[in-house]
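Shown next, in structure tokens, is the structure this report addresses.
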Amino acid sequence: MARRGRGWYRGDCHVHSVHSDGELTPERLATDARAAGLDFLATTEHNSPAPHGAWSPYAGDDLLVVLGEEVTTRTGHWLALGLRPGQLVDWDYGVGDGRVERQVDEVRRVGGLCVAAHPHAPYPTGTFRYPYDGFDAVEVWNGAWSSDVPWQADNEAALAEWARALAADIPGGGRWRPATGGSDAHLPGQLAHPHTVVHAEDLTTAAVLSGLRAGRSWIAASAAVELTVSAEASGRVAGIGERLAADGEALVRVTVAGVPGGTVTLHTEQGPAHRTTAKTVEWHTDAAFVRAEVRFPNGKMAALTNPVVLR
């Protein structure tokens with residue numbers, strides 16, 4: 001079992017192998033994950049737990065394998081992460097059947113995480129029709145269906161929808177739903193583009209899922225991208241996914257590396273609030289939350305974060 005103490009860990013939360021409709025074996029994916037700088041990956045084959053055991057020889061102290069499933073229902077796909085070996089989540093239903101809640105509850109009973117996958121995928125069963133209220137997180141950044149650097153219109157739609165929900169939920173003190181990203185890798189060259197960087201107490205399934213559930217995470221286009229975001233007020237400091245409870249203005253600090261010529265945009269409940277090409281940012285705000293987006297010069301996303309809640 002991988003276990004390396006508290007820190008930031010990079011992982012791909014949405015991966016397919018030859019055991020569903022991917023082209024790569026678990027052995028090749030594990031090799032590629034290590035080469036890409038990943039600390040963990042989630043095996044999310046379509047509607048099958050059969051390959052769980054196939055990953056055992058390729059996990060180790062330097063690579064955690066989170067067992068999961070992509071549940072491909074008739075009206076949307078979702079990721080069940082943190083399953084027990086051999087656990088199968090039913091998929092044969094649609095939004096009007098009233099069955100998804102029971103499946104989500106079964107995943108949560110074993111400590112798992114339920115993620116709405118690629119909610120605006122442009123094909124009938126891929127468009128997510130269920131209420132987000134029943135899920136723990138939303139995949140706002142899904143990889144491209146080629147080996148190009150991924151960013152496309154369905155991700156923009158998912159990001160905009162998620163951002164509107166933050167603006168409604170956080171100022172009123174409601175529960176907000178974290179964002180995740182995953183490559184949805186099927187082909188060579190797709191793994192880790194993008195991936196999620198999560199703060200966890202250990203490199204274990206339980207700790208990684210806990211960090212994702214809390215929103216202590218950000219999404220990167222590749223391991224070359226580095227990003228830190230924090231906020232400070234009255235001598236207290238909070239990071240991504242944390243709450244500061246600021247009394248008055250907070251000082252937001254951002255550092256970025258690995259995005260030459262990129263643009264940093266800070267978003268609050270009012271939308272885009274501060275934009276700069278500087279790689280070290282200090283900015284004051286009295287907003288309810290702040291989150292960061294970093295884009296390459298061509299407009300494609302390089303990184304995006306979950307919010308720092310300020311009040």
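We name chains A, B, ... following the order of the structure tokens; residues begin at 1 in each chain, and ligands are numbered from 1 as shown.
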
**Request:** Might you pull out every residue within 9 Å of A:Gly299, with only C-alpha atoms counted and same-chain residues fewer than 3 positions away left off, and present them as a ChimeraX atom specification?
**Result:** /A:151,262-263,295-296,302

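The list of residues with at least one atom within 9 Å of stretch 28-38 of chain A, based on only C-alpha atoms and without residues fewer than 6 positions apart in the same chain, reads Tyr9, Arg10, Gly11, Asp12, Val15, His16, Ser17, Trp55, Tyr58, Ala59, Asp62, Leu63, Val65, Pro188, Gly189, Leu191, Ala192, His195, Ser222 and Ala223 of chain A.
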
Write the residues of the selection above to a file with N, CA, C and O atoms, as an mmCIF file, in the first residue's frame.
```cif
data_model
loop_
_atom_site.group_PDB
_atom_site.id
_atom_site.type_symbol
_atom_site.label_atom_id
_atom_site.label_comp_id
_atom_site.auth_asym_id
_atom_site.auth_seq_id
_atom_site.Cartn_x
_atom_site.Cartn_y
_atom_site.Cartn_z
ATOM 1 N N TYR A 9 -0.640 15.342 -4.006
ATOM 2 C CA TYR A 9 -0.450 14.171 -4.851
ATOM 3 C C TYR A 9 -1.186 14.355 -6.180
ATOM 4 O O TYR A 9 -2.322 14.825 -6.212
ATOM 5 N N ARG A 10 -0.525 13.962 -7.243
ATOM 6 C CA ARG A 10 -1.089 14.085 -8.582
ATOM 7 C C ARG A 10 -1.688 12.745 -9.013
ATOM 8 O O ARG A 10 -1.024 11.707 -8.883
ATOM 9 N N GLY A 11 -2.924 12.809 -9.541
ATOM 10 C CA GLY A 11 -3.543 11.555 -9.962
ATOM 11 C C GLY A 11 -4.587 11.746 -11.039
ATOM 12 O O GLY A 11 -5.235 12.792 -11.132
ATOM 13 N N ASP A 12 -4.751 10.721 -11.843
ATOM 14 C CA ASP A 12 -5.767 10.721 -12.902
ATOM 15 C C ASP A 12 -6.966 9.934 -12.392
ATOM 16 O O ASP A 12 -6.869 8.728 -12.125
ATOM 17 N N VAL A 15 -9.730 6.630 -15.908
ATOM 18 C CA VAL A 15 -8.801 5.899 -16.778
ATOM 19 C C VAL A 15 -9.440 4.595 -17.252
ATOM 20 O O VAL A 15 -10.058 3.876 -16.456
ATOM 21 N N HIS A 16 -9.270 4.289 -18.537
ATOM 22 C CA HIS A 16 -9.774 3.043 -19.127
ATOM 23 C C HIS A 16 -8.619 2.227 -19.706
ATOM 24 O O HIS A 16 -7.671 2.776 -20.257
ATOM 25 N N SER A 17 -8.739 0.913 -19.588
ATOM 26 C CA SER A 17 -7.740 -0.001 -20.135
ATOM 27 C C SER A 17 -8.396 -0.932 -21.148
ATOM 28 O O SER A 17 -9.563 -0.757 -21.514
ATOM 29 N N TRP A 55 -4.790 -5.081 -11.643
ATOM 30 C CA TRP A 55 -3.911 -3.957 -11.333
ATOM 31 C C TRP A 55 -2.933 -4.256 -10.210
ATOM 32 O O TRP A 55 -1.933 -3.537 -10.053
ATOM 33 N N TYR A 58 0.926 -4.000 -10.471
ATOM 34 C CA TYR A 58 1.513 -2.768 -10.996
ATOM 35 C C TYR A 58 1.405 -1.589 -10.038
ATOM 36 O O TYR A 58 1.959 -0.526 -10.302
ATOM 37 N N ALA A 59 0.719 -1.776 -8.910
ATOM 38 C CA ALA A 59 0.677 -0.754 -7.874
ATOM 39 C C ALA A 59 1.896 -0.906 -6.979
ATOM 40 O O ALA A 59 2.552 -1.942 -6.954
ATOM 41 N N ASP A 62 5.095 3.826 -4.957
ATOM 42 C CA ASP A 62 5.167 5.033 -5.775
ATOM 43 C C ASP A 62 3.943 5.232 -6.662
ATOM 44 O O ASP A 62 3.864 6.208 -7.403
ATOM 45 N N LEU A 63 2.972 4.315 -6.600
ATOM 46 C CA LEU A 63 1.771 4.468 -7.419
ATOM 47 C C LEU A 63 0.596 3.778 -6.737
ATOM 48 O O LEU A 63 0.574 2.550 -6.619
ATOM 49 N N VAL A 65 -3.292 2.693 -6.823
ATOM 50 C CA VAL A 65 -4.385 2.418 -7.757
ATOM 51 C C VAL A 65 -5.691 2.434 -6.971
ATOM 52 O O VAL A 65 -5.890 1.627 -6.065
ATOM 53 N N PRO A 188 -3.093 5.862 -26.381
ATOM 54 C CA PRO A 188 -1.754 6.315 -25.990
ATOM 55 C C PRO A 188 -1.660 7.840 -26.019
ATOM 56 O O PRO A 188 -2.231 8.493 -26.888
ATOM 57 N N GLY A 189 -0.949 8.393 -25.050
ATOM 58 C CA GLY A 189 -0.715 9.828 -25.010
ATOM 59 C C GLY A 189 -1.763 10.633 -24.283
ATOM 60 O O GLY A 189 -1.605 11.847 -24.118
ATOM 61 N N LEU A 191 -3.172 9.780 -21.036
ATOM 62 C CA LEU A 191 -3.118 9.695 -19.575
ATOM 63 C C LEU A 191 -2.514 10.965 -18.971
ATOM 64 O O LEU A 191 -1.534 11.502 -19.491
ATOM 65 N N ALA A 192 -3.129 11.443 -17.893
ATOM 66 C CA ALA A 192 -2.647 12.586 -17.106
ATOM 67 C C ALA A 192 -2.960 13.931 -17.738
ATOM 68 O O ALA A 192 -2.597 14.968 -17.184
ATOM 69 N N HIS A 195 -5.157 16.011 -15.087
ATOM 70 C CA HIS A 195 -5.217 15.206 -13.875
ATOM 71 C C HIS A 195 -5.503 16.133 -12.691
ATOM 72 O O HIS A 195 -5.443 17.356 -12.807
ATOM 73 N N SER A 222 -0.991 19.153 -17.183
ATOM 74 C CA SER A 222 0.098 18.190 -17.187
ATOM 75 C C SER A 222 0.926 18.402 -15.929
ATOM 76 O O SER A 222 0.739 19.386 -15.197
ATOM 77 N N ALA A 223 1.880 17.509 -15.704
ATOM 78 C CA ALA A 223 2.725 17.613 -14.519
ATOM 79 C C ALA A 223 3.702 18.774 -14.611
ATOM 80 O O ALA A 223 4.341 19.132 -13.611
#
```

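Restricting the calculation to only C-alpha atoms, the smallest distance between A:Pro49 and any of A:Gly82, A:Gly143, A:Pro171, A:Gly211 is found for A:Gly82.
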
As a PDB file with all heavy atoms, in the first residue's frame, please: every residue in stretch 84-146 of chain A that a backbone DSSP assignment puts in helix (DSSP H, G or I).
```pdb
ATOM      1  N   VAL A  95     -32.774   8.541 -15.639  1.00  0.00           N
ATOM      2  CA  VAL A  95     -33.102   9.537 -14.629  1.00  0.00           C
ATOM      3  C   VAL A  95     -34.518   9.374 -14.082  1.00  0.00           C
ATOM      4  O   VAL A  95     -34.781   9.713 -12.928  1.00  0.00           O
ATOM      5  CB  VAL A  95     -32.901  10.962 -15.203  1.00  0.00           C
ATOM      6  CG1 VAL A  95     -33.918  11.291 -16.264  1.00  0.00           C
ATOM      7  CG2 VAL A  95     -32.902  11.998 -14.096  1.00  0.00           C
ATOM      8  N   GLY A  96     -35.433   8.839 -14.878  1.00  0.00           N
ATOM      9  CA  GLY A  96     -36.803   8.697 -14.405  1.00  0.00           C
ATOM     10  C   GLY A  96     -37.090   7.437 -13.634  1.00  0.00           C
ATOM     11  O   GLY A  96     -38.219   7.233 -13.163  1.00  0.00           O
ATOM     12  N   ASP A  97     -36.085   6.575 -13.457  1.00  0.00           N
ATOM     13  CA  ASP A  97     -36.315   5.272 -12.831  1.00  0.00           C
ATOM     14  C   ASP A  97     -36.175   5.284 -11.319  1.00  0.00           C
ATOM     15  O   ASP A  97     -36.517   4.301 -10.649  1.00  0.00           O
ATOM     16  CB  ASP A  97     -35.350   4.231 -13.410  1.00  0.00           C
ATOM     17  CG  ASP A  97     -35.575   3.999 -14.893  1.00  0.00           C
ATOM     18  OD1 ASP A  97     -36.725   4.183 -15.343  1.00  0.00           O
ATOM     19  OD2 ASP A  97     -34.613   3.656 -15.597  1.00  0.00           O
ATOM     20  N   VAL A 100     -30.823   5.637  -9.178  1.00  0.00           N
ATOM     21  CA  VAL A 100     -29.444   6.077  -9.021  1.00  0.00           C
ATOM     22  C   VAL A 100     -29.102   6.340  -7.555  1.00  0.00           C
ATOM     23  O   VAL A 100     -27.973   6.076  -7.118  1.00  0.00           O
ATOM     24  CB  VAL A 100     -29.160   7.326  -9.884  1.00  0.00           C
ATOM     25  CG1 VAL A 100     -29.910   8.549  -9.362  1.00  0.00           C
ATOM     26  CG2 VAL A 100     -27.671   7.597  -9.956  1.00  0.00           C
ATOM     27  N   GLU A 101     -30.061   6.825  -6.763  1.00  0.00           N
ATOM     28  CA  GLU A 101     -29.779   7.152  -5.366  1.00  0.00           C
ATOM     29  C   GLU A 101     -29.301   5.932  -4.591  1.00  0.00           C
ATOM     30  O   GLU A 101     -28.382   6.027  -3.773  1.00  0.00           O
ATOM     31  CB  GLU A 101     -31.022   7.749  -4.695  1.00  0.00           C
ATOM     32  CG  GLU A 101     -31.456   9.090  -5.249  1.00  0.00           C
ATOM     33  CD  GLU A 101     -32.353   8.969  -6.470  1.00  0.00           C
ATOM     34  OE1 GLU A 101     -32.584   7.810  -6.936  1.00  0.00           O
ATOM     35  OE2 GLU A 101     -32.818  10.010  -6.969  1.00  0.00           O
ATOM     36  N   ARG A 102     -29.926   4.796  -4.843  1.00  0.00           N
ATOM     37  CA  ARG A 102     -29.518   3.581  -4.135  1.00  0.00           C
ATOM     38  C   ARG A 102     -28.100   3.166  -4.500  1.00  0.00           C
ATOM     39  O   ARG A 102     -27.323   2.734  -3.639  1.00  0.00           O
ATOM     40  CB  ARG A 102     -30.499   2.453  -4.477  1.00  0.00           C
ATOM     41  CG  ARG A 102     -30.217   1.153  -3.736  1.00  0.00           C
ATOM     42  CD  ARG A 102     -31.340   0.160  -3.907  1.00  0.00           C
ATOM     43  NE  ARG A 102     -30.803  -1.147  -4.249  1.00  0.00           N
ATOM     44  CZ  ARG A 102     -31.538  -2.162  -4.683  1.00  0.00           C
ATOM     45  NH1 ARG A 102     -32.832  -2.007  -4.852  1.00  0.00           N
ATOM     46  NH2 ARG A 102     -30.992  -3.312  -4.957  1.00  0.00           N
ATOM     47  N   GLN A 103     -27.738   3.314  -5.771  1.00  0.00           N
ATOM     48  CA  GLN A 103     -26.389   2.951  -6.186  1.00  0.00           C
ATOM     49  C   GLN A 103     -25.347   3.886  -5.562  1.00  0.00           C
ATOM     50  O   GLN A 103     -24.281   3.455  -5.115  1.00  0.00           O
ATOM     51  CB  GLN A 103     -26.284   2.992  -7.719  1.00  0.00           C
ATOM     52  CG  GLN A 103     -27.309   2.140  -8.438  1.00  0.00           C
ATOM     53  CD  GLN A 103     -27.319   0.702  -7.945  1.00  0.00           C
ATOM     54  OE1 GLN A 103     -26.262   0.096  -7.749  1.00  0.00           O
ATOM     55  NE2 GLN A 103     -28.513   0.141  -7.754  1.00  0.00           N
ATOM     56  N   VAL A 104     -25.674   5.177  -5.534  1.00  0.00           N
ATOM     57  CA  VAL A 104     -24.773   6.143  -4.914  1.00  0.00           C
ATOM     58  C   VAL A 104     -24.597   5.822  -3.426  1.00  0.00           C
ATOM     59  O   VAL A 104     -23.474   5.851  -2.898  1.00  0.00           O
ATOM     60  CB  VAL A 104     -25.323   7.575  -5.103  1.00  0.00           C
ATOM     61  CG1 VAL A 104     -24.606   8.569  -4.189  1.00  0.00           C
ATOM     62  CG2 VAL A 104     -25.190   7.998  -6.560  1.00  0.00           C
ATOM     63  N   ASP A 105     -25.676   5.469  -2.750  1.00  0.00           N
ATOM     64  CA  ASP A 105     -25.598   5.132  -1.331  1.00  0.00           C
ATOM     65  C   ASP A 105     -24.708   3.916  -1.100  1.00  0.00           C
ATOM     66  O   ASP A 105     -23.960   3.859  -0.107  1.00  0.00           O
ATOM     67  CB  ASP A 105     -26.989   4.863  -0.770  1.00  0.00           C
ATOM     68  CG  ASP A 105     -27.810   6.132  -0.592  1.00  0.00           C
ATOM     69  OD1 ASP A 105     -27.217   7.228  -0.635  1.00  0.00           O
ATOM     70  OD2 ASP A 105     -29.042   6.022  -0.438  1.00  0.00           O
ATOM     71  N   GLU A 106     -24.773   2.936  -1.999  1.00  0.00           N
ATOM     72  CA  GLU A 106     -23.940   1.734  -1.844  1.00  0.00           C
ATOM     73  C   GLU A 106     -22.460   2.080  -1.953  1.00  0.00           C
ATOM     74  O   GLU A 106     -21.620   1.517  -1.251  1.00  0.00           O
ATOM     75  CB  GLU A 106     -24.330   0.697  -2.893  1.00  0.00           C
ATOM     76  CG  GLU A 106     -25.660   0.019  -2.611  1.00  0.00           C
ATOM     77  CD  GLU A 106     -25.958  -1.101  -3.591  1.00  0.00           C
ATOM     78  OE1 GLU A 106     -25.085  -1.401  -4.446  1.00  0.00           O
ATOM     79  OE2 GLU A 106     -27.058  -1.673  -3.513  1.00  0.00           O
ATOM     80  N   VAL A 107     -22.122   3.006  -2.841  1.00  0.00           N
ATOM     81  CA  VAL A 107     -20.727   3.427  -2.977  1.00  0.00           C
ATOM     82  C   VAL A 107     -20.276   4.169  -1.730  1.00  0.00           C
ATOM     83  O   VAL A 107     -19.181   3.936  -1.201  1.00  0.00           O
ATOM     84  CB  VAL A 107     -20.559   4.307  -4.232  1.00  0.00           C
ATOM     85  CG1 VAL A 107     -19.147   4.878  -4.306  1.00  0.00           C
ATOM     86  CG2 VAL A 107     -20.871   3.499  -5.487  1.00  0.00           C
ATOM     87  N   ARG A 108     -21.113   5.046  -1.234  1.00  0.00           N
ATOM     88  CA  ARG A 108     -20.744   5.806  -0.037  1.00  0.00           C
ATOM     89  C   ARG A 108     -20.616   4.919   1.188  1.00  0.00           C
ATOM     90  O   ARG A 108     -19.813   5.196   2.094  1.00  0.00           O
ATOM     91  CB  ARG A 108     -21.779   6.899   0.214  1.00  0.00           C
ATOM     92  CG  ARG A 108     -21.693   8.046  -0.792  1.00  0.00           C
ATOM     93  CD  ARG A 108     -22.656   9.126  -0.447  1.00  0.00           C
ATOM     94  NE  ARG A 108     -22.554  10.252  -1.362  1.00  0.00           N
ATOM     95  CZ  ARG A 108     -23.587  10.968  -1.767  1.00  0.00           C
ATOM     96  NH1 ARG A 108     -24.803  10.667  -1.334  1.00  0.00           N
ATOM     97  NH2 ARG A 108     -23.423  11.988  -2.584  1.00  0.00           N
ATOM     98  N   ARG A 109     -21.369   3.838   1.249  1.00  0.00           N
ATOM     99  CA  ARG A 109     -21.304   2.946   2.409  1.00  0.00           C
ATOM    100  C   ARG A 109     -19.937   2.292   2.549  1.00  0.00           C
ATOM    101  O   ARG A 109     -19.559   1.891   3.663  1.00  0.00           O
ATOM    102  CB  ARG A 109     -22.393   1.874   2.328  1.00  0.00           C
ATOM    103  CG  ARG A 109     -23.711   2.314   2.956  1.00  0.00           C
ATOM    104  CD  ARG A 109     -24.627   1.129   3.232  1.00  0.00           C
ATOM    105  NE  ARG A 109     -25.145   0.552   2.005  1.00  0.00           N
ATOM    106  CZ  ARG A 109     -26.264   0.946   1.405  1.00  0.00           C
ATOM    107  NH1 ARG A 109     -26.974   1.935   1.924  1.00  0.00           N
ATOM    108  NH2 ARG A 109     -26.676   0.366   0.300  1.00  0.00           N
ATOM    109  N   PRO A 124     -25.764  11.260 -26.619  1.00  0.00           N
ATOM    110  CA  PRO A 124     -26.991  11.132 -25.811  1.00  0.00           C
ATOM    111  C   PRO A 124     -26.787  10.599 -24.397  1.00  0.00           C
ATOM    112  O   PRO A 124     -27.248  11.213 -23.427  1.00  0.00           O
ATOM    113  CB  PRO A 124     -27.870  10.208 -26.651  1.00  0.00           C
ATOM    114  CG  PRO A 124     -27.439  10.470 -28.063  1.00  0.00           C
ATOM    115  CD  PRO A 124     -25.943  10.701 -27.978  1.00  0.00           C
ATOM    116  N   THR A 125     -26.118   9.464 -24.239  1.00  0.00           N
ATOM    117  CA  THR A 125     -25.997   8.914 -22.889  1.00  0.00           C
ATOM    118  C   THR A 125     -24.941   9.629 -22.065  1.00  0.00           C
ATOM    119  O   THR A 125     -24.896   9.466 -20.843  1.00  0.00           O
ATOM    120  CB  THR A 125     -25.653   7.413 -22.937  1.00  0.00           C
ATOM    121  OG1 THR A 125     -24.334   7.243 -23.485  1.00  0.00           O
ATOM    122  CG2 THR A 125     -26.680   6.654 -23.763  1.00  0.00           C
ATOM    123  N   GLY A 126     -24.093  10.421 -22.699  1.00  0.00           N
ATOM    124  CA  GLY A 126     -23.021  11.092 -21.968  1.00  0.00           C
ATOM    125  C   GLY A 126     -23.439  12.376 -21.303  1.00  0.00           C
ATOM    126  O   GLY A 126     -22.739  12.884 -20.420  1.00  0.00           O
ATOM    127  N   TYR A 132     -27.274  17.255  -9.462  1.00  0.00           N
ATOM    128  CA  TYR A 132     -25.950  17.186  -8.855  1.00  0.00           C
ATOM    129  C   TYR A 132     -26.024  16.984  -7.340  1.00  0.00           C
ATOM    130  O   TYR A 132     -25.062  16.524  -6.724  1.00  0.00           O
ATOM    131  CB  TYR A 132     -25.173  18.471  -9.131  1.00  0.00           C
ATOM    132  CG  TYR A 132     -24.678  18.612 -10.546  1.00  0.00           C
ATOM    133  CD1 TYR A 132     -24.682  19.845 -11.176  1.00  0.00           C
ATOM    134  CD2 TYR A 132     -24.192  17.518 -11.256  1.00  0.00           C
ATOM    135  CE1 TYR A 132     -24.219  19.992 -12.464  1.00  0.00           C
ATOM    136  CE2 TYR A 132     -23.739  17.643 -12.544  1.00  0.00           C
ATOM    137  CZ  TYR A 132     -23.750  18.889 -13.153  1.00  0.00           C
ATOM    138  OH  TYR A 132     -23.294  19.035 -14.433  1.00  0.00           O
ATOM    139  N   ASP A 133     -27.167  17.333  -6.739  1.00  0.00           N
ATOM    140  CA  ASP A 133     -27.295  17.243  -5.284  1.00  0.00           C
ATOM    141  C   ASP A 133     -26.971  15.854  -4.754  1.00  0.00           C
ATOM    142  O   ASP A 133     -26.542  15.707  -3.608  1.00  0.00           O
ATOM    143  CB  ASP A 133     -28.719  17.619  -4.852  1.00  0.00           C
ATOM    144  CG  ASP A 133     -28.997  19.094  -5.002  1.00  0.00           C
ATOM    145  OD1 ASP A 133     -28.037  19.838  -5.275  1.00  0.00           O
ATOM    146  OD2 ASP A 133     -30.155  19.501  -4.855  1.00  0.00           O
ATOM    147  N   GLY A 134     -27.181  14.839  -5.562  1.00  0.00           N
ATOM    148  CA  GLY A 134     -26.936  13.481  -5.098  1.00  0.00           C
ATOM    149  C   GLY A 134     -25.499  13.022  -5.228  1.00  0.00           C
ATOM    150  O   GLY A 134     -25.182  11.897  -4.847  1.00  0.00           O
TER     151      GLY A 134
END
```

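Rounded to one decimal, atom CA of A:Ala220 and atom CA of A:Glu293 lie 10.2 Å from each other.
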
**strand (DSSP E or B) positions in stretch 99-308 of chain A, given as an NGL selection string** = :A and (113-116 or 120 or 127 or 137-142 or 179-182 or 185 or 195-200 or 217-220 or 226-233 or 236-239 or 243 or 250-257 or 263-268 or 271-276 or 280-285 or 289-295 or 301-305 or 308)

**Request:** Find the residues around A:Pro85 up to 9 Å (only C-alpha atoms counted), leave out those fewer than 4 positions away in its own chain, and share them as a PyMOL selection string.
**Result:** chain A and resi 49-50+52-53+67-68

**Asked** Excluding same-chain residues fewer than 4 positions from A:Ala273, what lies within 10 Å of it counting only C-alpha atoms, as a PyMOL selection string?
**Response** chain A and resi 265-269+285+287+290

**Message:** With only C-alpha atoms as the counted atoms, please give the residues lying no more than 6 Å from A:His14, apart from itself and same-chain residues fewer than 3 positions off, as a PyMOL selection string.
**Reply:** chain A and resi 42+44+182-184

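Those residues that approach A:Leu159 to within 9 Å, counting only C-alpha atoms, are A:Glu139, A:Val140, A:Trp141, A:Asp154, A:Asn155, A:Glu156, A:Trp162, A:Ala163, A:Arg164, A:Ala179; same-chain residues fewer than 3 positions away are not listed.
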
Could you write out the selected residues, including C-alpha atoms, as a compact mmCIF listing (two decimals), in the first residue's frame?
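Listed below is the output, again32.txt:
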```txt
# COMPACT_ATOMS: atom_id res chain seq x y z
CA GLU A 139 -15.83 16.38 -13.37
CA VAL A 140 -15.53 19.82 -14.99
CA TRP A 141 -12.45 18.95 -17.05
CA ASP A 154 -18.21 20.62 -23.28
CA ASN A 155 -15.62 21.43 -20.61
CA GLU A 156 -16.38 25.15 -20.91
CA TRP A 162 -20.15 24.61 -11.77
CA ALA A 163 -19.08 28.25 -11.33
CA ARG A 164 -22.71 29.40 -11.23
CA ALA A 179 -14.56 20.06 -9.15
```

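Proximity to A:Val309 was assessed for A:Thr280, A:Ser230, A:Thr255, A:Asn142 counting only C-alpha atoms; the smallest distance is recorded for A:Ser230.
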
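Nearest to A:Ser20 of all the residues A:Ala121, A:Leu212, A:Cys114, A:Ala185 is A:Ala185, based on only C-alpha atoms.
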